[in-house]
$ cat model-v4.txt   # compact mmCIF, C-alpha atoms
# COMPACT_ATOMS: atom_id res chain seq x y z
CA MET A 148 -35.42 30.43 11.02
CA GLU A 149 -35.97 26.69 10.78
CA ALA A 150 -35.84 26.83 6.99
CA LEU A 151 -32.53 28.65 7.19
CA ALA A 152 -31.15 26.02 9.56
CA ASP A 153 -32.34 23.24 7.22
CA THR A 154 -30.65 24.96 4.27
CA VAL A 155 -27.37 25.30 6.17
CA LEU A 156 -27.52 21.68 7.32
CA GLU A 157 -28.21 20.49 3.77
CA LYS A 158 -25.23 22.45 2.44
CA GLN A 159 -23.01 21.09 5.17
CA ARG A 160 -24.23 17.56 4.49
CA GLY A 161 -23.41 17.97 0.79
CA TYR A 162 -19.96 19.31 1.61
CA LEU A 163 -19.27 16.53 4.12
CA ASP A 164 -20.57 13.84 1.76
CA SER A 165 -18.24 15.13 -0.94
CA ARG A 166 -15.26 15.12 1.42
CA PHE A 167 -16.15 11.66 2.71
CA ASN A 168 -16.29 10.33 -0.85
CA GLN A 169 -12.87 11.85 -1.52
CA LEU A 170 -11.48 10.19 1.60
CA GLN A 171 -12.94 6.85 0.55
CA GLN A 172 -11.34 7.19 -2.88
CA MET A 173 -7.99 8.07 -1.33
CA GLY A 174 -8.31 5.01 0.91
CA ARG A 175 -8.94 2.75 -2.09
CA GLU A 176 -5.99 4.25 -3.97
CA THR A 177 -3.73 3.86 -0.94
CA GLU A 178 -4.83 0.26 -0.50
CA GLY A 179 -3.99 -0.46 -4.13
CA LYS A 180 -0.56 1.11 -3.78
CA LEU A 181 0.14 -0.82 -0.57
CA THR A 182 -0.88 -4.07 -2.25
CA SER A 183 1.55 -3.32 -5.07
CA ILE A 184 4.35 -2.54 -2.62
CA GLN A 185 3.62 -5.74 -0.70
CA THR A 186 3.81 -7.77 -3.91
CA ASP A 187 7.11 -6.12 -4.86
CA LEU A 188 8.53 -6.86 -1.41
CA MET A 189 7.54 -10.52 -1.67
CA VAL A 190 9.29 -10.80 -5.06
CA LEU A 191 12.35 -9.03 -3.67
CA SER A 192 12.41 -11.34 -0.66
CA GLU A 193 12.31 -14.38 -2.92
CA SER A 194 15.15 -12.94 -5.00
CA ILE A 195 17.23 -12.34 -1.88
CA GLY A 196 16.61 -15.94 -0.84
CA THR A 197 17.89 -17.11 -4.22
CA VAL A 198 20.98 -14.90 -3.97
CA LYS A 199 21.72 -16.22 -0.47
CA ALA A 200 21.42 -19.81 -1.66
CA GLU A 201 23.78 -19.12 -4.56
CA MET A 202 26.27 -17.39 -2.24
CA GLY A 203 26.17 -20.43 0.02
CA LYS A 204 27.03 -22.68 -2.92
CA ILE A 205 29.90 -20.37 -3.95
CA ARG A 206 31.28 -20.39 -0.40
CA LEU A 207 31.21 -24.18 -0.34
CA ASP A 208 33.01 -24.31 -3.70
CA VAL A 209 35.67 -21.90 -2.40
CA VAL A 210 36.15 -23.90 0.81
CA ASN A 211 36.33 -27.18 -1.12
CA ASN A 212 38.87 -25.73 -3.57
CA SER A 213 41.13 -24.34 -0.85

$ encode --input "model-v4.txt" --output "structure tokens"
Amino acid sequence: MEALADTVLEKQRGYLDSRFNQLQQMGRETEGKLTSIQTDLMVLSESIGTVKAEMGKIRLDVVNNS
């Protein structure tokens, strides 16, 4: 009976180890994707800042030319 229990536990351990490894891999992939998204958002934010600055200059030109 004990040998049977050991066999079942070993199979469960193998299954759980496999699933845990898959979860770890998914976590690494998700982290990589989030890092990429964060980088893209920083670039976009900088671009928006540039557009706002240019719009401010255009507004001043329009006001000065009125």

$ atom_distance --input "model-v4.txt" --atom1 "atom CA of Ala150 of chain A" --atom2 "atom CA of Tyr162 of chain A"
18.4 Å

$ atom_distance --input "model-v4.txt" --atom1 "atom CA of Val210 of chain A" --atom2 "atom CA of Glu193 of chain A"
25.9 Å

$ atom_distance --input "model-v4.txt" --atom1 "atom CA of Glu157 of chain A" --atom2 "atom CA of Gly174 of chain A"
25.4 Å

$ decode --input "model-v4.txt" --residues "segment 160-206 of chain A" --atoms "N, CA and C atoms" --output "PDB file, in the first residue's frame"
ATOM      1  N   ARG A 160       3.753  14.673  -8.203  1.00  0.00           N
ATOM      2  CA  ARG A 160       4.872  15.618  -8.110  1.00  0.00           C
ATOM      3  C   ARG A 160       5.374  15.966  -9.517  1.00  0.00           C
ATOM      4  N   GLY A 161       5.501  14.944 -10.368  1.00  0.00           N
ATOM      5  CA  GLY A 161       5.938  15.193 -11.741  1.00  0.00           C
ATOM      6  C   GLY A 161       4.961  16.067 -12.490  1.00  0.00           C
ATOM      7  N   TYR A 162       3.684  15.803 -12.317  1.00  0.00           N
ATOM      8  CA  TYR A 162       2.652  16.608 -12.980  1.00  0.00           C
ATOM      9  C   TYR A 162       2.700  18.047 -12.474  1.00  0.00           C
ATOM     10  N   LEU A 163       2.775  18.198 -11.147  1.00  0.00           N
ATOM     11  CA  LEU A 163       2.787  19.543 -10.570  1.00  0.00           C
ATOM     12  C   LEU A 163       4.056  20.305 -10.939  1.00  0.00           C
ATOM     13  N   ASP A 164       5.197  19.624 -10.964  1.00  0.00           N
ATOM     14  CA  ASP A 164       6.442  20.266 -11.377  1.00  0.00           C
ATOM     15  C   ASP A 164       6.334  20.775 -12.812  1.00  0.00           C
ATOM     16  N   SER A 165       5.752  19.955 -13.672  1.00  0.00           N
ATOM     17  CA  SER A 165       5.571  20.348 -15.066  1.00  0.00           C
ATOM     18  C   SER A 165       4.680  21.586 -15.167  1.00  0.00           C
ATOM     19  N   ARG A 166       3.582  21.580 -14.446  1.00  0.00           N
ATOM     20  CA  ARG A 166       2.657  22.722 -14.470  1.00  0.00           C
ATOM     21  C   ARG A 166       3.315  23.967 -13.887  1.00  0.00           C
ATOM     22  N   PHE A 167       4.073  23.793 -12.815  1.00  0.00           N
ATOM     23  CA  PHE A 167       4.763  24.921 -12.198  1.00  0.00           C
ATOM     24  C   PHE A 167       5.772  25.522 -13.170  1.00  0.00           C
ATOM     25  N   ASN A 168       6.494  24.682 -13.885  1.00  0.00           N
ATOM     26  CA  ASN A 168       7.451  25.175 -14.880  1.00  0.00           C
ATOM     27  C   ASN A 168       6.734  25.951 -15.985  1.00  0.00           C
ATOM     28  N   GLN A 169       5.567  25.449 -16.395  1.00  0.00           N
ATOM     29  CA  GLN A 169       4.791  26.168 -17.407  1.00  0.00           C
ATOM     30  C   GLN A 169       4.350  27.536 -16.890  1.00  0.00           C
ATOM     31  N   LEU A 170       3.917  27.584 -15.638  1.00  0.00           N
ATOM     32  CA  LEU A 170       3.501  28.858 -15.049  1.00  0.00           C
ATOM     33  C   LEU A 170       4.669  29.838 -14.947  1.00  0.00           C
ATOM     34  N   GLN A 171       5.834  29.323 -14.585  1.00  0.00           N
ATOM     35  CA  GLN A 171       7.015  30.180 -14.526  1.00  0.00           C
ATOM     36  C   GLN A 171       7.350  30.742 -15.906  1.00  0.00           C
ATOM     37  N   GLN A 172       7.275  29.913 -16.928  1.00  0.00           N
ATOM     38  CA  GLN A 172       7.549  30.362 -18.291  1.00  0.00           C
ATOM     39  C   GLN A 172       6.542  31.424 -18.718  1.00  0.00           C
ATOM     40  N   MET A 173       5.274  31.186 -18.420  1.00  0.00           N
ATOM     41  CA  MET A 173       4.244  32.168 -18.751  1.00  0.00           C
ATOM     42  C   MET A 173       4.512  33.484 -18.036  1.00  0.00           C
ATOM     43  N   GLY A 174       4.958  33.415 -16.793  1.00  0.00           N
ATOM     44  CA  GLY A 174       5.290  34.615 -16.036  1.00  0.00           C
ATOM     45  C   GLY A 174       6.429  35.385 -16.683  1.00  0.00           C
ATOM     46  N   ARG A 175       7.462  34.662 -17.126  1.00  0.00           N
ATOM     47  CA  ARG A 175       8.588  35.329 -17.797  1.00  0.00           C
ATOM     48  C   ARG A 175       8.141  35.981 -19.102  1.00  0.00           C
ATOM     49  N   GLU A 176       7.311  35.267 -19.867  1.00  0.00           N
ATOM     50  CA  GLU A 176       6.815  35.824 -21.125  1.00  0.00           C
ATOM     51  C   GLU A 176       5.956  37.060 -20.872  1.00  0.00           C
ATOM     52  N   THR A 177       5.106  36.986 -19.869  1.00  0.00           N
ATOM     53  CA  THR A 177       4.243  38.121 -19.534  1.00  0.00           C
ATOM     54  C   THR A 177       5.085  39.316 -19.099  1.00  0.00           C
ATOM     55  N   GLU A 178       6.105  39.053 -18.308  1.00  0.00           N
ATOM     56  CA  GLU A 178       6.982  40.134 -17.856  1.00  0.00           C
ATOM     57  C   GLU A 178       7.668  40.806 -19.046  1.00  0.00           C
ATOM     58  N   GLY A 179       8.112  40.004 -19.997  1.00  0.00           N
ATOM     59  CA  GLY A 179       8.740  40.565 -21.200  1.00  0.00           C
ATOM     60  C   GLY A 179       7.771  41.416 -22.000  1.00  0.00           C
ATOM     61  N   LYS A 180       6.539  40.947 -22.132  1.00  0.00           N
ATOM     62  CA  LYS A 180       5.538  41.710 -22.872  1.00  0.00           C
ATOM     63  C   LYS A 180       5.194  43.014 -22.152  1.00  0.00           C
ATOM     64  N   LEU A 181       5.091  42.951 -20.833  1.00  0.00           N
ATOM     65  CA  LEU A 181       4.780  44.156 -20.060  1.00  0.00           C
ATOM     66  C   LEU A 181       5.910  45.170 -20.144  1.00  0.00           C
ATOM     67  N   THR A 182       7.145  44.690 -20.149  1.00  0.00           N
ATOM     68  CA  THR A 182       8.285  45.585 -20.296  1.00  0.00           C
ATOM     69  C   THR A 182       8.231  46.287 -21.657  1.00  0.00           C
ATOM     70  N   SER A 183       7.889  45.549 -22.689  1.00  0.00           N
ATOM     71  CA  SER A 183       7.767  46.116 -24.025  1.00  0.00           C
ATOM     72  C   SER A 183       6.658  47.168 -24.077  1.00  0.00           C
ATOM     73  N   ILE A 184       5.533  46.857 -23.471  1.00  0.00           N
ATOM     74  CA  ILE A 184       4.411  47.811 -23.434  1.00  0.00           C
ATOM     75  C   ILE A 184       4.814  49.061 -22.673  1.00  0.00           C
ATOM     76  N   GLN A 185       5.504  48.890 -21.551  1.00  0.00           N
ATOM     77  CA  GLN A 185       5.941  50.030 -20.757  1.00  0.00           C
ATOM     78  C   GLN A 185       6.877  50.925 -21.565  1.00  0.00           C
ATOM     79  N   THR A 186       7.794  50.319 -22.309  1.00  0.00           N
ATOM     80  CA  THR A 186       8.714  51.083 -23.148  1.00  0.00           C
ATOM     81  C   THR A 186       7.946  51.855 -24.225  1.00  0.00           C
ATOM     82  N   ASP A 187       6.992  51.179 -24.864  1.00  0.00           N
ATOM     83  CA  ASP A 187       6.178  51.842 -25.885  1.00  0.00           C
ATOM     84  C   ASP A 187       5.395  53.013 -25.299  1.00  0.00           C
ATOM     85  N   LEU A 188       4.869  52.847 -24.104  1.00  0.00           N
ATOM     86  CA  LEU A 188       4.116  53.931 -23.461  1.00  0.00           C
ATOM     87  C   LEU A 188       5.013  55.113 -23.121  1.00  0.00           C
ATOM     88  N   MET A 189       6.248  54.844 -22.716  1.00  0.00           N
ATOM     89  CA  MET A 189       7.178  55.940 -22.423  1.00  0.00           C
ATOM     90  C   MET A 189       7.488  56.724 -23.696  1.00  0.00           C
ATOM     91  N   VAL A 190       7.716  56.016 -24.801  1.00  0.00           N
ATOM     92  CA  VAL A 190       7.992  56.679 -26.082  1.00  0.00           C
ATOM     93  C   VAL A 190       6.778  57.496 -26.520  1.00  0.00           C
ATOM     94  N   LEU A 191       5.600  56.924 -26.381  1.00  0.00           N
ATOM     95  CA  LEU A 191       4.369  57.624 -26.746  1.00  0.00           C
ATOM     96  C   LEU A 191       4.181  58.871 -25.892  1.00  0.00           C
ATOM     97  N   SER A 192       4.459  58.752 -24.606  1.00  0.00           N
ATOM     98  CA  SER A 192       4.328  59.895 -23.701  1.00  0.00           C
ATOM     99  C   SER A 192       5.276  61.019 -24.099  1.00  0.00           C
ATOM    100  N   GLU A 193       6.491  60.662 -24.464  1.00  0.00           N
ATOM    101  CA  GLU A 193       7.452  61.670 -24.927  1.00  0.00           C
ATOM    102  C   GLU A 193       6.962  62.335 -26.211  1.00  0.00           C
ATOM    103  N   SER A 194       6.403  61.548 -27.104  1.00  0.00           N
ATOM    104  CA  SER A 194       5.880  62.093 -28.356  1.00  0.00           C
ATOM    105  C   SER A 194       4.724  63.050 -28.098  1.00  0.00           C
ATOM    106  N   ILE A 195       3.862  62.695 -27.173  1.00  0.00           N
ATOM    107  CA  ILE A 195       2.733  63.566 -26.831  1.00  0.00           C
ATOM    108  C   ILE A 195       3.249  64.869 -26.244  1.00  0.00           C
ATOM    109  N   GLY A 196       4.287  64.777 -25.416  1.00  0.00           N
ATOM    110  CA  GLY A 196       4.896  65.996 -24.865  1.00  0.00           C
ATOM    111  C   GLY A 196       5.423  66.894 -25.967  1.00  0.00           C
ATOM    112  N   THR A 197       6.041  66.318 -26.973  1.00  0.00           N
ATOM    113  CA  THR A 197       6.555  67.093 -28.098  1.00  0.00           C
ATOM    114  C   THR A 197       5.413  67.745 -28.875  1.00  0.00           C
ATOM    115  N   VAL A 198       4.343  66.992 -29.123  1.00  0.00           N
ATOM    116  CA  VAL A 198       3.192  67.523 -29.840  1.00  0.00           C
ATOM    117  C   VAL A 198       2.570  68.676 -29.055  1.00  0.00           C
ATOM    118  N   LYS A 199       2.451  68.535 -27.750  1.00  0.00           N
ATOM    119  CA  LYS A 199       1.878  69.605 -26.922  1.00  0.00           C
ATOM    120  C   LYS A 199       2.733  70.866 -26.990  1.00  0.00           C
ATOM    121  N   ALA A 200       4.033  70.685 -26.939  1.00  0.00           N
ATOM    122  CA  ALA A 200       4.938  71.840 -27.016  1.00  0.00           C
ATOM    123  C   ALA A 200       4.789  72.543 -28.365  1.00  0.00           C
ATOM    124  N   GLU A 201       4.707  71.770 -29.432  1.00  0.00           N
ATOM    125  CA  GLU A 201       4.540  72.359 -30.765  1.00  0.00           C
ATOM    126  C   GLU A 201       3.193  73.075 -30.886  1.00  0.00           C
ATOM    127  N   MET A 202       2.146  72.478 -30.324  1.00  0.00           N
ATOM    128  CA  MET A 202       0.821  73.121 -30.348  1.00  0.00           C
ATOM    129  C   MET A 202       0.850  74.431 -29.580  1.00  0.00           C
ATOM    130  N   GLY A 203       1.576  74.453 -28.482  1.00  0.00           N
ATOM    131  CA  GLY A 203       1.710  75.697 -27.715  1.00  0.00           C
ATOM    132  C   GLY A 203       2.380  76.780 -28.539  1.00  0.00           C
ATOM    133  N   LYS A 204       3.404  76.428 -29.281  1.00  0.00           N
ATOM    134  CA  LYS A 204       4.092  77.392 -30.145  1.00  0.00           C
ATOM    135  C   LYS A 204       3.155  77.896 -31.241  1.00  0.00           C
ATOM    136  N   ILE A 205       2.381  76.985 -31.836  1.00  0.00           N
ATOM    137  CA  ILE A 205       1.438  77.377 -32.890  1.00  0.00           C
ATOM    138  C   ILE A 205       0.385  78.331 -32.328  1.00  0.00           C
ATOM    139  N   ARG A 206      -0.117  78.038 -31.142  1.00  0.00           N
ATOM    140  CA  ARG A 206      -1.113  78.925 -30.522  1.00  0.00           C
ATOM    141  C   ARG A 206      -0.541  80.316 -30.315  1.00  0.00           C
TER     142      ARG A 206
END
